[in-house]
Amino acid sequence: MKLLYTLIFSFFSLLAFADGMHITGIIRDMDTKEPVKSANITLSISDGYEFSVVTDSSGAYNILTTAVVPDGYYTIKVASKNYYELNGFIFVKKECQRDFSIKAKEMPKPVLEGYATNNLVFLIDVSASMNADDKMPLLKDALTYLVGELRPTDRIAILTFSSTVKEILPSTAASDNEKIRKTIEALTFGSTTEGSAALDKAYKTALSNFVSNGNNRIILASDGLFTSGDKEYKRMLQSIAAGRSKNISLSIFCFGKNTEYVFTKLRALSQTGNGNFASILNTDEGKQLMIEEAKAVKN
């Protein structure tokens, strides 16, 4: 039977090679009724004979075969990105129009949908003590993950501090993903830690890129107490309080194991800064906490 069908098909093909079947139509979104452009339509009229076209901006397709076949049902497939694939049969005759509707997949909502624009300044301790498996690698992983979730309108700056303060990434739109990722990957280590001057610089950076009604936030990452004594600690509290009065928050992430004394002092700084404090011990925890910082202010 298959051989007979093949012979019949070949006979018709030879008779009318230049005058084939003409099938047109429009592909629409099943729910919105809007046309779907760049959808792929494939018509199979026999083993080894397929004709494929792509819809234009109006959702229209136009198939002109190189062979005439008997009127009947033939296999058709409609595929488009973010839509469920449609597979079925179509009744084909010499001239015909067949429209199809395809169902859009439910796309997950962006993680930061409904939250304010971010102006994030990362202040990262790169003193020698941060050079440990449970410190800098965890920070890099968490920060890289966050960058992948930020929206094009969000901004991020990165400052490092040890014996000096360096701005290694000025406030940059999150759309410049590659530049930000390379900056994170290139983080290197210094020597001793001086946190007071670093905080002052971070607040200036946050203020110069301030977003009205946005999430203006400094996220300080360190492995310990970054002060040289009580006098400097008190001065830091004053700087943080001044920043808070300008609607700039400060959160602190502590990496590696530490003493309760250190945690208490750092927690007090973050509370003064109207921010959060957390001790990060693994990658998953770091990723989740980073996202929470970017979701600190709702629209």
# chains A, B, ... in the order shown; residues from 1 in each chain; ligands from 1
call {"tool": "residues_around", "arguments": {"residues": "segment 270-280 of chain A", "least_positions_apart": "2", "cutoff": "8 Å", "atoms": "only C-alpha atoms", "output": "list in words"}}
result
Leu237, Ile240, Ala241, Gly243, Arg244, Ile248, Ser249, Leu250, Ser251, Ile252, Phe253, Cys254, Phe255, Gly256, Leu266, Arg267, Ala268, Asn282, Thr283, Glu285 and Gly286 of chain A
call {"tool": "write_last_selection", "arguments": {"atoms": "N, CA and C atoms", "output": "PDB file, in the first residue's frame"}}
result
ATOM      1  N   LEU A 237      29.701  54.900  63.299  1.00  0.00           N
ATOM      2  CA  LEU A 237      28.296  54.987  63.684  1.00  0.00           C
ATOM      3  C   LEU A 237      27.698  56.329  63.271  1.00  0.00           C
ATOM      4  N   ILE A 240      27.269  56.383  59.476  1.00  0.00           N
ATOM      5  CA  ILE A 240      26.143  55.524  59.087  1.00  0.00           C
ATOM      6  C   ILE A 240      24.809  56.206  59.400  1.00  0.00           C
ATOM      7  N   ALA A 241      24.725  56.840  60.563  1.00  0.00           N
ATOM      8  CA  ALA A 241      23.503  57.562  60.945  1.00  0.00           C
ATOM      9  C   ALA A 241      23.231  58.701  59.977  1.00  0.00           C
ATOM     10  N   GLY A 243      24.145  58.799  56.836  1.00  0.00           N
ATOM     11  CA  GLY A 243      23.689  58.192  55.588  1.00  0.00           C
ATOM     12  C   GLY A 243      22.241  57.760  55.669  1.00  0.00           C
ATOM     13  N   ARG A 244      21.851  57.231  56.810  1.00  0.00           N
ATOM     14  CA  ARG A 244      20.466  56.814  57.004  1.00  0.00           C
ATOM     15  C   ARG A 244      19.520  58.008  56.883  1.00  0.00           C
ATOM     16  N   ILE A 248      19.827  56.293  52.728  1.00  0.00           N
ATOM     17  CA  ILE A 248      20.772  55.290  52.239  1.00  0.00           C
ATOM     18  C   ILE A 248      20.972  54.257  53.346  1.00  0.00           C
ATOM     19  N   SER A 249      20.642  53.028  53.065  1.00  0.00           N
ATOM     20  CA  SER A 249      20.720  51.961  54.060  1.00  0.00           C
ATOM     21  C   SER A 249      22.063  51.237  53.993  1.00  0.00           C
ATOM     22  N   LEU A 250      22.400  50.570  55.080  1.00  0.00           N
ATOM     23  CA  LEU A 250      23.632  49.793  55.151  1.00  0.00           C
ATOM     24  C   LEU A 250      23.329  48.400  55.688  1.00  0.00           C
ATOM     25  N   SER A 251      23.670  47.377  54.894  1.00  0.00           N
ATOM     26  CA  SER A 251      23.585  45.993  55.344  1.00  0.00           C
ATOM     27  C   SER A 251      24.994  45.421  55.407  1.00  0.00           C
ATOM     28  N   ILE A 252      25.200  44.473  56.318  1.00  0.00           N
ATOM     29  CA  ILE A 252      26.529  43.891  56.493  1.00  0.00           C
ATOM     30  C   ILE A 252      26.434  42.374  56.441  1.00  0.00           C
ATOM     31  N   PHE A 253      27.268  41.769  55.589  1.00  0.00           N
ATOM     32  CA  PHE A 253      27.386  40.319  55.502  1.00  0.00           C
ATOM     33  C   PHE A 253      28.756  39.910  56.037  1.00  0.00           C
ATOM     34  N   CYS A 254      28.763  39.011  56.984  1.00  0.00           N
ATOM     35  CA  CYS A 254      30.011  38.536  57.566  1.00  0.00           C
ATOM     36  C   CYS A 254      30.295  37.132  57.038  1.00  0.00           C
ATOM     37  N   PHE A 255      31.491  36.928  56.516  1.00  0.00           N
ATOM     38  CA  PHE A 255      31.875  35.635  55.950  1.00  0.00           C
ATOM     39  C   PHE A 255      32.862  34.929  56.879  1.00  0.00           C
ATOM     40  N   GLY A 256      32.734  33.613  56.962  1.00  0.00           N
ATOM     41  CA  GLY A 256      33.605  32.843  57.835  1.00  0.00           C
ATOM     42  C   GLY A 256      33.106  32.855  59.274  1.00  0.00           C
ATOM     43  N   LEU A 266      29.012  44.308  64.616  1.00  0.00           N
ATOM     44  CA  LEU A 266      28.594  44.487  63.224  1.00  0.00           C
ATOM     45  C   LEU A 266      27.081  44.633  63.120  1.00  0.00           C
ATOM     46  N   ARG A 267      26.357  43.867  63.922  1.00  0.00           N
ATOM     47  CA  ARG A 267      24.900  43.961  63.930  1.00  0.00           C
ATOM     48  C   ARG A 267      24.446  45.366  64.336  1.00  0.00           C
ATOM     49  N   ALA A 268      25.147  45.943  65.293  1.00  0.00           N
ATOM     50  CA  ALA A 268      24.809  47.297  65.748  1.00  0.00           C
ATOM     51  C   ALA A 268      25.017  48.317  64.623  1.00  0.00           C
ATOM     52  N   ASN A 282      27.455  29.430  53.494  1.00  0.00           N
ATOM     53  CA  ASN A 282      27.411  28.596  52.291  1.00  0.00           C
ATOM     54  C   ASN A 282      26.852  29.393  51.111  1.00  0.00           C
ATOM     55  N   THR A 283      27.022  28.865  49.919  1.00  0.00           N
ATOM     56  CA  THR A 283      26.656  29.577  48.695  1.00  0.00           C
ATOM     57  C   THR A 283      25.159  29.840  48.591  1.00  0.00           C
ATOM     58  N   GLU A 285      22.906  30.131  50.877  1.00  0.00           N
ATOM     59  CA  GLU A 285      22.524  31.167  51.836  1.00  0.00           C
ATOM     60  C   GLU A 285      22.915  32.544  51.315  1.00  0.00           C
ATOM     61  N   GLY A 286      24.105  32.624  50.748  1.00  0.00           N
ATOM     62  CA  GLY A 286      24.581  33.898  50.204  1.00  0.00           C
ATOM     63  C   GLY A 286      23.712  34.393  49.068  1.00  0.00           C
TER      64      GLY A 286
END
call {"tool": "residues_around", "arguments": {"residues": "Val78 of chain A", "least_positions_apart": "6", "cutoff": "7 Å", "atoms": "only C-alpha atoms", "output": "ChimeraX atom specification"}}
result
/A:39-42,85-87
call {"tool": "write_last_selection", "arguments": {"atoms": "all heavy atoms", "output": "JSON list (two decimals), in the first residue's frame"}}
result
[["chain", "number", "residue", "atom", "x", "y", "z"],
["A", 39, "ALA", "N", 6.99, 32.29, 13.90],
["A", 39, "ALA", "CA", 6.60, 30.92, 14.21],
["A", 39, "ALA", "C", 6.98, 30.02, 13.02],
["A", 39, "ALA", "O", 6.89, 30.44, 11.86],
["A", 39, "ALA", "CB", 5.10, 30.84, 14.47],
["A", 40, "ASN", "N", 7.40, 28.81, 13.30],
["A", 40, "ASN", "CA", 7.80, 27.87, 12.26],
["A", 40, "ASN", "C", 6.64, 26.92, 11.93],
["A", 40, "ASN", "O", 6.10, 26.27, 12.84],
["A", 40, "ASN", "CB", 9.01, 27.05, 12.71],
["A", 40, "ASN", "CG", 10.26, 27.91, 12.83],
["A", 40, "ASN", "OD1", 10.83, 28.31, 11.84],
["A", 40, "ASN", "ND2", 10.66, 28.19, 14.06],
["A", 41, "ILE", "N", 6.27, 26.84, 10.66],
["A", 41, "ILE", "CA", 5.21, 25.94, 10.23],
["A", 41, "ILE", "C", 5.83, 24.90, 9.30],
["A", 41, "ILE", "O", 6.50, 25.26, 8.33],
["A", 41, "ILE", "CB", 4.07, 26.67, 9.49],
["A", 41, "ILE", "CG1", 3.38, 27.67, 10.43],
["A", 41, "ILE", "CG2", 3.04, 25.70, 8.97],
["A", 41, "ILE", "CD1", 3.98, 29.03, 10.41],
["A", 42, "THR", "N", 5.62, 23.63, 9.62],
["A", 42, "THR", "CA", 6.17, 22.54, 8.80],
["A", 42, "THR", "C", 5.03, 21.64, 8.35],
["A", 42, "THR", "O", 4.28, 21.09, 9.17],
["A", 42, "THR", "CB", 7.19, 21.71, 9.59],
["A", 42, "THR", "OG1", 8.23, 22.56, 10.04],
["A", 42, "THR", "CG2", 7.78, 20.62, 8.70],
["A", 85, "GLU", "N", 4.07, 23.57, 21.48],
["A", 85, "GLU", "CA", 4.10, 23.13, 20.09],
["A", 85, "GLU", "C", 2.76, 22.52, 19.70],
["A", 85, "GLU", "O", 2.14, 21.77, 20.46],
["A", 85, "GLU", "CB", 5.23, 22.11, 19.90],
["A", 85, "GLU", "CG", 5.51, 21.76, 18.47],
["A", 85, "GLU", "CD", 6.74, 20.90, 18.32],
["A", 85, "GLU", "OE1", 7.86, 21.44, 18.47],
["A", 85, "GLU", "OE2", 6.57, 19.68, 18.07],
["A", 86, "LEU", "N", 2.31, 22.84, 18.49],
["A", 86, "LEU", "CA", 1.06, 22.32, 17.97],
["A", 86, "LEU", "C", 1.38, 21.26, 16.92],
["A", 86, "LEU", "O", 2.08, 21.53, 15.94],
["A", 86, "LEU", "CB", 0.22, 23.44, 17.35],
["A", 86, "LEU", "CG", -1.08, 23.03, 16.67],
["A", 86, "LEU", "CD1", -2.07, 22.47, 17.68],
["A", 86, "LEU", "CD2", -1.69, 24.22, 15.93],
["A", 87, "ASN", "N", 0.86, 20.04, 17.13],
["A", 87, "ASN", "CA", 1.03, 18.96, 16.16],
["A", 87, "ASN", "C", -0.34, 18.40, 15.80],
["A", 87, "ASN", "O", -1.16, 18.13, 16.69],
["A", 87, "ASN", "CB", 1.89, 17.83, 16.75],
["A", 87, "ASN", "CG", 3.35, 18.25, 16.90],
["A", 87, "ASN", "OD1", 4.08, 18.29, 15.93],
["A", 87, "ASN", "ND2", 3.75, 18.56, 18.12]]
call {"tool": "closest_residue", "arguments": {"among": "A:Lys33, A:Lys140, A:Lys231, A:Lys179", "to": "Met290 of chain A", "atoms": "only C-alpha atoms"}}
result
A:Lys140
call {"tool": "select_by_dssp", "arguments": {"residues": "segment 67-254 of chain A", "states": "strand (DSSP E)", "output": "number ranges by chain"}}
result
A: 72-79, 86-92, 95-97, 100-102, 118-125, 155-161, 165-173, 215-222, 249-254
call {"tool": "write_last_selection", "arguments": {"atoms": "C-alpha atoms", "output": "PDB file, in the first residue's frame"}}
result
ATOM      1  CA  GLY A  72      -6.686  14.990   2.123  1.00  0.00           C
ATOM      2  CA  TYR A  73      -5.290  15.272   5.617  1.00  0.00           C
ATOM      3  CA  TYR A  74      -1.554  15.816   6.076  1.00  0.00           C
ATOM      4  CA  THR A  75       0.667  16.391   9.093  1.00  0.00           C
ATOM      5  CA  ILE A  76       1.402  19.940  10.231  1.00  0.00           C
ATOM      6  CA  LYS A  77       3.547  21.269  13.070  1.00  0.00           C
ATOM      7  CA  VAL A  78       3.548  24.838  14.457  1.00  0.00           C
ATOM      8  CA  ALA A  79       6.390  25.806  16.786  1.00  0.00           C
ATOM      9  CA  LEU A  86       1.061  22.318  17.971  1.00  0.00           C
ATOM     10  CA  ASN A  87       1.034  18.957  16.158  1.00  0.00           C
ATOM     11  CA  GLY A  88      -1.898  17.710  14.147  1.00  0.00           C
ATOM     12  CA  PHE A  89      -3.456  17.216  10.741  1.00  0.00           C
ATOM     13  CA  ILE A  90      -4.613  19.740   8.170  1.00  0.00           C
ATOM     14  CA  PHE A  91      -7.009  19.140   5.270  1.00  0.00           C
ATOM     15  CA  VAL A  92      -5.138  20.277   2.180  1.00  0.00           C
ATOM     16  CA  GLU A  95      -5.793  26.337  -2.782  1.00  0.00           C
ATOM     17  CA  CYS A  96      -6.691  26.665   0.881  1.00  0.00           C
ATOM     18  CA  GLN A  97      -6.379  28.887   3.927  1.00  0.00           C
ATOM     19  CA  PHE A 100      -4.167  28.256  13.834  1.00  0.00           C
ATOM     20  CA  SER A 101      -4.090  29.409  17.455  1.00  0.00           C
ATOM     21  CA  ILE A 102      -1.266  28.377  19.770  1.00  0.00           C
ATOM     22  CA  ASN A 118      18.170  49.340  42.919  1.00  0.00           C
ATOM     23  CA  ASN A 119      21.166  51.592  43.486  1.00  0.00           C
ATOM     24  CA  LEU A 120      23.496  49.076  45.135  1.00  0.00           C
ATOM     25  CA  VAL A 121      27.009  49.842  46.325  1.00  0.00           C
ATOM     26  CA  PHE A 122      29.076  46.838  47.341  1.00  0.00           C
ATOM     27  CA  LEU A 123      31.860  47.592  49.775  1.00  0.00           C
ATOM     28  CA  ILE A 124      34.098  44.530  49.868  1.00  0.00           C
ATOM     29  CA  ASP A 125      36.825  43.728  52.358  1.00  0.00           C
ATOM     30  CA  ARG A 155      22.643  49.857  39.042  1.00  0.00           C
ATOM     31  CA  ILE A 156      25.614  48.441  40.897  1.00  0.00           C
ATOM     32  CA  ALA A 157      28.954  49.868  42.054  1.00  0.00           C
ATOM     33  CA  ILE A 158      31.818  47.939  43.652  1.00  0.00           C
ATOM     34  CA  LEU A 159      34.386  49.385  46.055  1.00  0.00           C
ATOM     35  CA  THR A 160      37.124  47.409  47.768  1.00  0.00           C
ATOM     36  CA  PHE A 161      38.992  48.232  50.919  1.00  0.00           C
ATOM     37  CA  VAL A 165      39.848  52.230  49.271  1.00  0.00           C
ATOM     38  CA  LYS A 166      39.413  51.587  45.547  1.00  0.00           C
ATOM     39  CA  GLU A 167      36.433  52.019  43.261  1.00  0.00           C
ATOM     40  CA  ILE A 168      36.894  49.075  40.926  1.00  0.00           C
ATOM     41  CA  LEU A 169      33.472  49.496  39.304  1.00  0.00           C
ATOM     42  CA  PRO A 170      31.720  52.871  39.142  1.00  0.00           C
ATOM     43  CA  SER A 171      27.930  52.757  39.305  1.00  0.00           C
ATOM     44  CA  THR A 172      27.020  50.660  36.258  1.00  0.00           C
ATOM     45  CA  ALA A 173      23.696  49.636  34.727  1.00  0.00           C
ATOM     46  CA  ASN A 215      16.510  51.010  47.028  1.00  0.00           C
ATOM     47  CA  ASN A 216      19.649  53.011  47.787  1.00  0.00           C
ATOM     48  CA  ARG A 217      21.781  50.566  49.713  1.00  0.00           C
ATOM     49  CA  ILE A 218      25.350  49.802  50.693  1.00  0.00           C
ATOM     50  CA  ILE A 219      26.167  46.115  51.194  1.00  0.00           C
ATOM     51  CA  LEU A 220      29.378  45.669  53.142  1.00  0.00           C
ATOM     52  CA  ALA A 221      31.057  42.268  52.985  1.00  0.00           C
ATOM     53  CA  SER A 222      33.802  41.395  55.457  1.00  0.00           C
ATOM     54  CA  SER A 249      20.720  51.961  54.060  1.00  0.00           C
ATOM     55  CA  LEU A 250      23.632  49.793  55.151  1.00  0.00           C
ATOM     56  CA  SER A 251      23.585  45.993  55.344  1.00  0.00           C
ATOM     57  CA  ILE A 252      26.529  43.891  56.493  1.00  0.00           C
ATOM     58  CA  PHE A 253      27.386  40.319  55.502  1.00  0.00           C
ATOM     59  CA  CYS A 254      30.011  38.536  57.566  1.00  0.00           C
TER      60      CYS A 254
END
call {"tool": "atom_distance", "arguments": {"atom1": "atom CA of Asn213 of chain A", "atom2": "atom CA of Ala242 of chain A"}}
result
18.2 Å
call {"tool": "select_by_dssp", "arguments": {"residues": "segment 133-242 of chain A", "states": "alpha helix (DSSP H)", "output": "PyMOL selection string"}}
result
chain A and resi 136-149+177-185+195-208+230-242
call {"tool": "residues_around", "arguments": {"residues": "Pro110 of chain A", "least_positions_apart": "3", "cutoff": "12 Å", "atoms": "only C-alpha atoms", "output": "list of chain:residue names"}}
result
A:Met107, A:Glu113, A:Gly114, A:Tyr115, A:Gly148, A:Glu149, A:Leu150, A:Arg151, A:Ile291, A:Lys295
call {"tool": "write_last_selection", "arguments": {"atoms": "N, CA and C atoms", "output": "PDB file, in the first residue's frame"}}
result
ATOM      1  N   MET A 107       5.121  32.038  31.648  1.00  0.00           N
ATOM      2  CA  MET A 107       6.508  32.380  31.938  1.00  0.00           C
ATOM      3  C   MET A 107       6.634  32.802  33.397  1.00  0.00           C
ATOM      4  N   GLU A 113      10.212  41.591  40.185  1.00  0.00           N
ATOM      5  CA  GLU A 113       8.998  42.293  39.751  1.00  0.00           C
ATOM      6  C   GLU A 113       8.257  42.845  40.969  1.00  0.00           C
ATOM      7  N   GLY A 114       7.906  44.114  40.889  1.00  0.00           N
ATOM      8  CA  GLY A 114       7.180  44.749  41.986  1.00  0.00           C
ATOM      9  C   GLY A 114       8.068  45.434  43.008  1.00  0.00           C
ATOM     10  N   TYR A 115       9.380  45.394  42.775  1.00  0.00           N
ATOM     11  CA  TYR A 115      10.306  46.018  43.724  1.00  0.00           C
ATOM     12  C   TYR A 115      10.972  47.240  43.105  1.00  0.00           C
ATOM     13  N   GLY A 148      22.884  38.371  37.826  1.00  0.00           N
ATOM     14  CA  GLY A 148      22.065  37.701  36.826  1.00  0.00           C
ATOM     15  C   GLY A 148      20.576  37.938  37.001  1.00  0.00           C
ATOM     16  N   GLU A 149      20.147  38.340  38.199  1.00  0.00           N
ATOM     17  CA  GLU A 149      18.731  38.572  38.476  1.00  0.00           C
ATOM     18  C   GLU A 149      18.339  40.049  38.403  1.00  0.00           C
ATOM     19  N   LEU A 150      19.314  40.949  38.375  1.00  0.00           N
ATOM     20  CA  LEU A 150      19.006  42.372  38.341  1.00  0.00           C
ATOM     21  C   LEU A 150      18.396  42.774  36.997  1.00  0.00           C
ATOM     22  N   ARG A 151      17.611  43.828  37.023  1.00  0.00           N
ATOM     23  CA  ARG A 151      16.970  44.347  35.823  1.00  0.00           C
ATOM     24  C   ARG A 151      17.862  45.392  35.152  1.00  0.00           C
ATOM     25  N   ILE A 291      19.551  38.378  47.112  1.00  0.00           N
ATOM     26  CA  ILE A 291      18.267  38.692  46.487  1.00  0.00           C
ATOM     27  C   ILE A 291      17.386  39.490  47.445  1.00  0.00           C
ATOM     28  N   LYS A 295      15.445  43.217  47.147  1.00  0.00           N
ATOM     29  CA  LYS A 295      13.998  43.291  47.304  1.00  0.00           C
ATOM     30  C   LYS A 295      13.608  44.070  48.567  1.00  0.00           C
TER      31      LYS A 295
END
